[in-house]
>>> print(open('input_5.pdb').read())   # PDB, C-alpha atoms
ATOM      1  CA  MET O 661      25.351  48.770 -33.342
ATOM      2  CA  LYS O 662      22.625  49.331 -30.829
ATOM      3  CA  PHE O 663      21.614  49.452 -27.187
ATOM      4  CA  GLU O 664      18.926  47.029 -26.059
ATOM      5  CA  LYS O 665      17.113  46.255 -22.850
ATOM      6  CA  ILE O 666      18.082  42.958 -21.266
ATOM      7  CA  SER O 667      15.465  40.220 -21.568
ATOM      8  CA  LYS O 668      12.643  40.031 -19.054
ATOM      9  CA  ARG O 669      14.224  36.804 -17.782
ATOM     10  CA  GLN O 670      17.519  38.594 -17.013
ATOM     11  CA  TYR O 671      15.561  41.513 -15.539
ATOM     12  CA  MET O 672      13.844  39.090 -13.131
ATOM     13  CA  LYS O 673      17.228  37.665 -12.118
ATOM     14  CA  ASP O 674      19.205  40.919 -11.734
ATOM     15  CA  ILE O 675      16.716  43.660 -10.845
ATOM     16  CA  VAL O 676      13.376  42.457  -9.448
ATOM     17  CA  GLY O 677      13.316  42.609  -5.660
ATOM     18  CA  LYS O 678      16.617  44.523  -5.532
ATOM     19  CA  PHE O 679      15.840  47.750  -7.376
ATOM     20  CA  PRO O 680      12.418  49.402  -7.722
ATOM     21  CA  ILE O 681      12.229  49.933 -11.485
ATOM     22  CA  ALA O 682       9.603  48.452 -13.784
ATOM     23  CA  TYR O 683      10.916  46.778 -16.935
ATOM     24  CA  ASN O 684       9.132  49.304 -19.171
ATOM     25  CA  ASP O 685      10.766  52.195 -17.266
ATOM     26  CA  ILE O 686      14.338  51.140 -18.098
ATOM     27  CA  LYS O 687      15.709  53.889 -20.338
ATOM     28  CA  LEU O 688      17.988  53.181 -23.276
ATOM     29  CA  PRO O 689      21.197  55.244 -23.284
ATOM     30  CA  LYS O 690      21.088  58.447 -25.311
ATOM     31  CA  ARG O 691      23.284  61.375 -26.175
ATOM     32  CA  GLY O 692      22.395  64.711 -24.635
ATOM     33  CA  THR O 693      23.285  66.802 -27.698
ATOM     34  CA  ALA O 694      24.120  66.273 -31.366
ATOM     35  CA  GLN O 695      27.813  66.853 -30.589
ATOM     36  CA  SER O 696      28.015  64.634 -27.472
ATOM     37  CA  ALA O 697      30.501  61.776 -27.749
ATOM     38  CA  GLY O 698      28.982  59.847 -24.849
ATOM     39  CA  TYR O 699      25.688  58.045 -24.437
ATOM     40  CA  ASP O 700      24.245  58.686 -20.991
ATOM     41  CA  PHE O 701      23.246  55.601 -18.978
ATOM     42  CA  PHE O 702      20.460  56.093 -16.446
ATOM     43  CA  SER O 703      19.967  54.982 -12.853
ATOM     44  CA  VAL O 704      17.415  52.261 -12.064
ATOM     45  CA  ALA O 705      16.972  53.558  -8.493
ATOM     46  CA  ASP O 706      17.231  56.518  -6.172
ATOM     47  CA  ILE O 707      20.631  56.348  -4.483
ATOM     48  CA  THR O 708      22.480  58.361  -1.877
ATOM     49  CA  LEU O 709      26.188  57.839  -1.284
ATOM     50  CA  LEU O 710      28.217  59.327   1.534
ATOM     51  CA  PRO O 711      31.979  59.828   1.263
ATOM     52  CA  GLY O 712      33.666  56.425   1.513
ATOM     53  CA  GLU O 713      30.707  54.468   0.092
ATOM     54  CA  SER O 714      30.241  52.542  -3.168
ATOM     55  CA  ILE O 715      27.265  50.966  -4.901
ATOM     56  CA  LYS O 716      26.969  48.414  -7.694
ATOM     57  CA  LEU O 717      24.052  49.186 -10.004
ATOM     58  CA  PRO O 718      22.541  47.284 -12.912
ATOM     59  CA  THR O 719      21.602  49.307 -15.972
ATOM     60  CA  GLY O 720      19.117  46.920 -17.580
ATOM     61  CA  ILE O 721      21.052  47.483 -20.821
ATOM     62  CA  LYS O 722      23.200  45.407 -23.158
ATOM     63  CA  PHE O 723      25.181  46.638 -26.168
ATOM     64  CA  LYS O 724      25.569  45.043 -29.587
ATOM     65  CA  CYS O 725      28.493  46.267 -31.692
ATOM     66  CA  ASP O 726      30.823  45.351 -34.534
ATOM     67  CA  PRO O 727      33.712  43.025 -33.630
ATOM     68  CA  ASP O 728      36.314  45.790 -34.126
ATOM     69  CA  LYS O 729      34.691  48.152 -31.609
ATOM     70  CA  PHE O 730      33.997  48.326 -27.877
ATOM     71  CA  LEU O 731      32.019  50.491 -25.501
ATOM     72  CA  ALA O 732      34.083  52.444 -22.982
ATOM     73  CA  ALA O 733      32.293  53.479 -19.781
ATOM     74  CA  TYR O 734      33.460  56.784 -18.324
ATOM     75  CA  PRO O 735      32.326  58.812 -15.316
ATOM     76  CA  ARG O 736      30.195  61.869 -15.905
ATOM     77  CA  SER O 737      32.344  64.982 -15.680
ATOM     78  CA  GLY O 738      30.110  66.813 -13.217
ATOM     79  CA  HIS O 739      30.005  63.889 -10.785
ATOM     80  CA  GLY O 740      33.790  63.803 -10.612
ATOM     81  CA  PHE O 741      34.289  67.548 -10.542
ATOM     82  CA  LYS O 742      31.685  68.304  -7.869
ATOM     83  CA  TYR O 743      31.948  65.176  -5.711
ATOM     84  CA  GLY O 744      34.941  63.097  -6.764
ATOM     85  CA  VAL O 745      32.537  60.260  -7.676
ATOM     86  CA  MET O 746      34.112  57.805 -10.091
ATOM     87  CA  LEU O 747      33.680  54.385 -11.597
ATOM     88  CA  ALA O 748      35.355  51.838  -9.327
ATOM     89  CA  ASN O 749      37.408  50.483 -12.245
ATOM     90  CA  THR O 750      38.062  54.057 -13.537
ATOM     91  CA  VAL O 751      37.140  53.108 -17.131
ATOM     92  CA  GLY O 752      34.992  50.139 -18.038
ATOM     93  CA  ILE O 753      35.523  48.207 -21.266
ATOM     94  CA  ILE O 754      32.554  46.370 -22.762
ATOM     95  CA  ASP O 755      33.850  44.076 -25.511
ATOM     96  CA  ALA O 756      31.785  43.109 -28.550
ATOM     97  CA  ASP O 757      31.598  39.496 -27.371
ATOM     98  CA  TYR O 758      30.125  40.537 -24.012
ATOM     99  CA  TYR O 759      26.780  40.918 -25.815
ATOM    100  CA  ASP O 760      24.452  37.944 -25.242
ATOM    101  CA  ASN O 761      27.144  35.927 -23.450
ATOM    102  CA  PRO O 762      25.896  32.910 -21.511
ATOM    103  CA  GLY O 763      27.063  34.286 -18.152
ATOM    104  CA  ASN O 764      24.732  37.273 -17.899
ATOM    105  CA  GLU O 765      23.360  38.060 -21.368
ATOM    106  CA  GLY O 766      25.731  41.042 -21.628
ATOM    107  CA  HIS O 767      23.973  43.030 -18.899
ATOM    108  CA  ILE O 768      26.051  46.149 -18.199
ATOM    109  CA  TRP O 769      26.566  47.036 -14.526
ATOM    110  CA  VAL O 770      28.404  49.968 -12.971
ATOM    111  CA  LYS O 771      30.026  50.432  -9.584
ATOM    112  CA  LEU O 772      30.058  54.041  -8.436
ATOM    113  CA  THR O 773      32.523  55.023  -5.728
ATOM    114  CA  TYR O 774      32.426  58.174  -3.647
ATOM    115  CA  PRO O 775      35.938  58.360  -2.174
ATOM    116  CA  GLN O 776      36.536  60.040   1.134
ATOM    117  CA  GLN O 777      38.057  63.276  -0.181
ATOM    118  CA  ALA O 778      36.914  66.155   1.994
ATOM    119  CA  SER O 779      38.821  68.554  -0.233
ATOM    120  CA  ILE O 780      36.219  68.029  -2.966
ATOM    121  CA  SER O 781      32.951  67.590  -1.062
ATOM    122  CA  ILE O 782      31.507  66.113   2.099
ATOM    123  CA  ASP O 783      27.899  66.392   0.949
ATOM    124  CA  PRO O 784      25.877  63.293   0.116
ATOM    125  CA  PHE O 785      25.918  62.318  -3.556
ATOM    126  CA  VAL O 786      22.269  61.944  -4.591
ATOM    127  CA  ILE O 787      20.969  60.372  -7.798
ATOM    128  CA  LYS O 788      17.293  59.940  -8.635
ATOM    129  CA  GLN O 789      15.923  57.061 -10.689
ATOM    130  CA  GLY O 790      16.287  58.083 -14.331
ATOM    131  CA  ASP O 791      19.242  60.447 -13.753
ATOM    132  CA  ALA O 792      22.351  59.927 -15.872
ATOM    133  CA  ILE O 793      25.010  57.994 -13.917
ATOM    134  CA  PHE O 794      27.847  57.422 -16.425
ATOM    135  CA  GLN O 795      28.542  57.743 -20.124
ATOM    136  CA  GLY O 796      29.444  55.180 -22.736
ATOM    137  CA  ILE O 797      31.545  56.024 -25.782
ATOM    138  CA  ILE O 798      31.794  53.659 -28.739
ATOM    139  CA  GLN O 799      35.397  53.278 -29.835
ATOM    140  CA  PRO O 800      37.312  51.324 -32.490
ATOM    141  CA  TYR O 801      40.381  49.280 -31.649
ATOM    142  CA  PHE O 802      43.163  47.690 -33.650
ATOM    143  CA  THR O 803      45.153  44.472 -33.400
ATOM    144  CA  VAL O 804      48.741  43.739 -34.371
ATOM    145  CA  GLU O 805      49.406  41.828 -37.588
ATOM    146  CA  ASP O 806      50.609  38.669 -35.805
ATOM    147  CA  ASP O 807      47.730  38.561 -33.302
ATOM    148  CA  ASP O 808      46.697  34.950 -32.716
ATOM    149  CA  ALA O 809      43.860  35.287 -30.182
ATOM    150  CA  ASP O 810      41.308  32.591 -30.871
ATOM    151  CA  GLY O 811      39.522  32.137 -27.541
ATOM    152  CA  GLU O 812      35.814  32.636 -27.062
ATOM    153  CA  ARG O 813      34.031  34.250 -24.133
ATOM    154  CA  VAL O 814      32.299  31.671 -21.974
ATOM    155  CA  GLY O 815      30.986  33.895 -19.189
ATOM    156  CA  GLY O 816      30.066  37.368 -18.100
ATOM    157  CA  PHE O 817      31.975  40.099 -16.315
ATOM    158  CA  GLY O 818      35.681  39.368 -15.894
ATOM    159  CA  SER O 819      35.560  36.069 -17.771
ATOM    160  CA  THR O 820      38.145  36.691 -20.511
ATOM    161  CA  SER O 821      41.115  36.014 -18.231
ATOM    162  CA  LYS O 822      39.812  32.664 -16.950
TER     163      LYS O 822
END
>>> encode(input="input_5.pdb", output="structure tokens")
Amino acid sequence: MKFEKISKRQYMKDIVGKFPIAYNDIKLPKRGTAQSAGYDFFSVADITLLPGESIKLPTGIKFKCDPDKFLAAYPRSGHGFKYGVMLANTVGIIDADYYDNPGNEGHIWVKLTYPQQASISIDPFVIKQGDAIFQGIIQPYFTVEDDDADGERVGGFGSTSK
């Protein structure tokens, strides 16, 4: 299992001209401490969100894992506690077959949402390029004994139900 940068070709398609990060400055996810469960993913740009706003961000990262595991994307605790910022889909699931798929090479994106909840905060949510924006935790999963799934992924994000 490992994290990798997307190819330079995918970088040109997804990031160049939209976000101001050089290919060599994309940071691979890493754990903050020896006991951390999550791998921090880092922002490719400076962003500021006001309550009620969302942003979709590329990470420049893809993830290769064993077929009986997946990567779960979770919000960072401090972002939720201080601001109410969350992942738009609450928890993201990156399946093993998302890696190197023909739709987008397995490029992991995140959509951060800053809901309008004045009871938590009304201050702008500010992230600098290189700051941690969410965490990924590698998890095993199990299938039932009479599972008969035999389909193959033919695209990127959201393609398994098509």
>>> resolve_selection(input="input_5.pdb", expression="the PyMOL selection byres ((chain O and resi 720) around 6)", output="ChimeraX atom specification")
/O:665-666,718-719,721
>>> residues_around(input="input_5.pdb", residues="O:Ile715", least_positions_apart="4", cutoff="9 Å", atoms="only C-alpha atoms", output="VMD selection string")
chain O and resid 707 709 770 to 774
>>> resolve_selection(input="input_5.pdb", expression="the PyMOL selection byres ((chain O and resi 697) around 9)", output="MDAnalysis selection string")
chainID O and resid 691 693:696 698:699 795:798
>>> write_last_selection(input="input_5.pdb", atoms="C-alpha atoms", output="PDB file, keeping the file's coordinate frame")
ATOM      1  CA  ARG O 691      23.284  61.375 -26.175  1.00  0.00           C
ATOM      2  CA  THR O 693      23.285  66.802 -27.698  1.00  0.00           C
ATOM      3  CA  ALA O 694      24.120  66.273 -31.366  1.00  0.00           C
ATOM      4  CA  GLN O 695      27.813  66.853 -30.589  1.00  0.00           C
ATOM      5  CA  SER O 696      28.015  64.634 -27.472  1.00  0.00           C
ATOM      6  CA  GLY O 698      28.982  59.847 -24.849  1.00  0.00           C
ATOM      7  CA  TYR O 699      25.688  58.045 -24.437  1.00  0.00           C
ATOM      8  CA  GLN O 795      28.542  57.743 -20.124  1.00  0.00           C
ATOM      9  CA  GLY O 796      29.444  55.180 -22.736  1.00  0.00           C
ATOM     10  CA  ILE O 797      31.545  56.024 -25.782  1.00  0.00           C
ATOM     11  CA  ILE O 798      31.794  53.659 -28.739  1.00  0.00           C
TER      12      ILE O 798
END
>>> atom_distance(input="input_5.pdb", atom1="atom CA of O:Gln799", atom2="atom CA of O:Arg736")
17.2 Å
>>> resolve_selection(input="input_5.pdb", expression="the PyMOL selection byres ((chain O and resi 710) around 8)", output="PyMOL selection string")
chain O and resi 708-709+711-713+774+782-785
>>> atom_distance(input="input_5.pdb", atom1="atom CA of O:Lys742", atom2="atom CA of O:Phe794")
14.4 Å
>>> atom_distance(input="input_5.pdb", atom1="atom CA of O:Ala705", atom2="atom CA of O:Gly790")
7.4 Å
>>> axis_aligned_box(input="input_5.pdb", around="stretch 785-795 of chain O", padding_each_side="6 Å", output="lines of an AutoDock Vina configuration file")
center_x = 22.2
center_y = 59.7
center_z = -11.8
size_x = 24.6
size_y = 17.3
size_z = 28.6
>>> residues_around(input="input_5.pdb", residues="O:Asp755", least_positions_apart="2", cutoff="7 Å", atoms="all atoms listed in the file", output="list in words")
Phe730, Leu731, Ile753, Asp757 and Tyr758 of chain O
>>> closest_residue(input="input_5.pdb", among="O:Tyr734, O:Tyr683, O:Phe723, O:Tyr801", to="O:Asp700", atoms="all atoms listed in the file")
O:Tyr734
>>> closest_residue(input="input_5.pdb", among="O:Cys725, O:Ala809, O:Ile675, O:Val804", to="O:Ser703", atoms="all atoms listed in the file")
O:Ile675
>>> closest_residue(input="input_5.pdb", among="O:Ala756, O:Leu747, O:Ile681, O:Met672", to="O:Lys716", atoms="only C-alpha atoms")
O:Leu747
>>> residues_around(input="input_5.pdb", residues="O:Gly766", least_positions_apart="6", cutoff="7 Å", atoms="all atoms listed in the file", output="PDB file with C-alpha atoms, in the coordinates of the input")
ATOM      1  CA  LYS O 722      23.200  45.407 -23.158  1.00  0.00           C
ATOM      2  CA  TYR O 758      30.125  40.537 -24.012  1.00  0.00           C
ATOM      3  CA  TYR O 759      26.780  40.918 -25.815  1.00  0.00           C
ATOM      4  CA  ASP O 760      24.452  37.944 -25.242  1.00  0.00           C
ATOM      5  CA  GLY O 816      30.066  37.368 -18.100  1.00  0.00           C
TER       6      GLY O 816
END
>>> closest_residue(input="input_5.pdb", among="O:Asp706, O:Pro775, O:Gly692, O:Asp674", to="O:Gly740", atoms="all atoms listed in the file")
O:Pro775
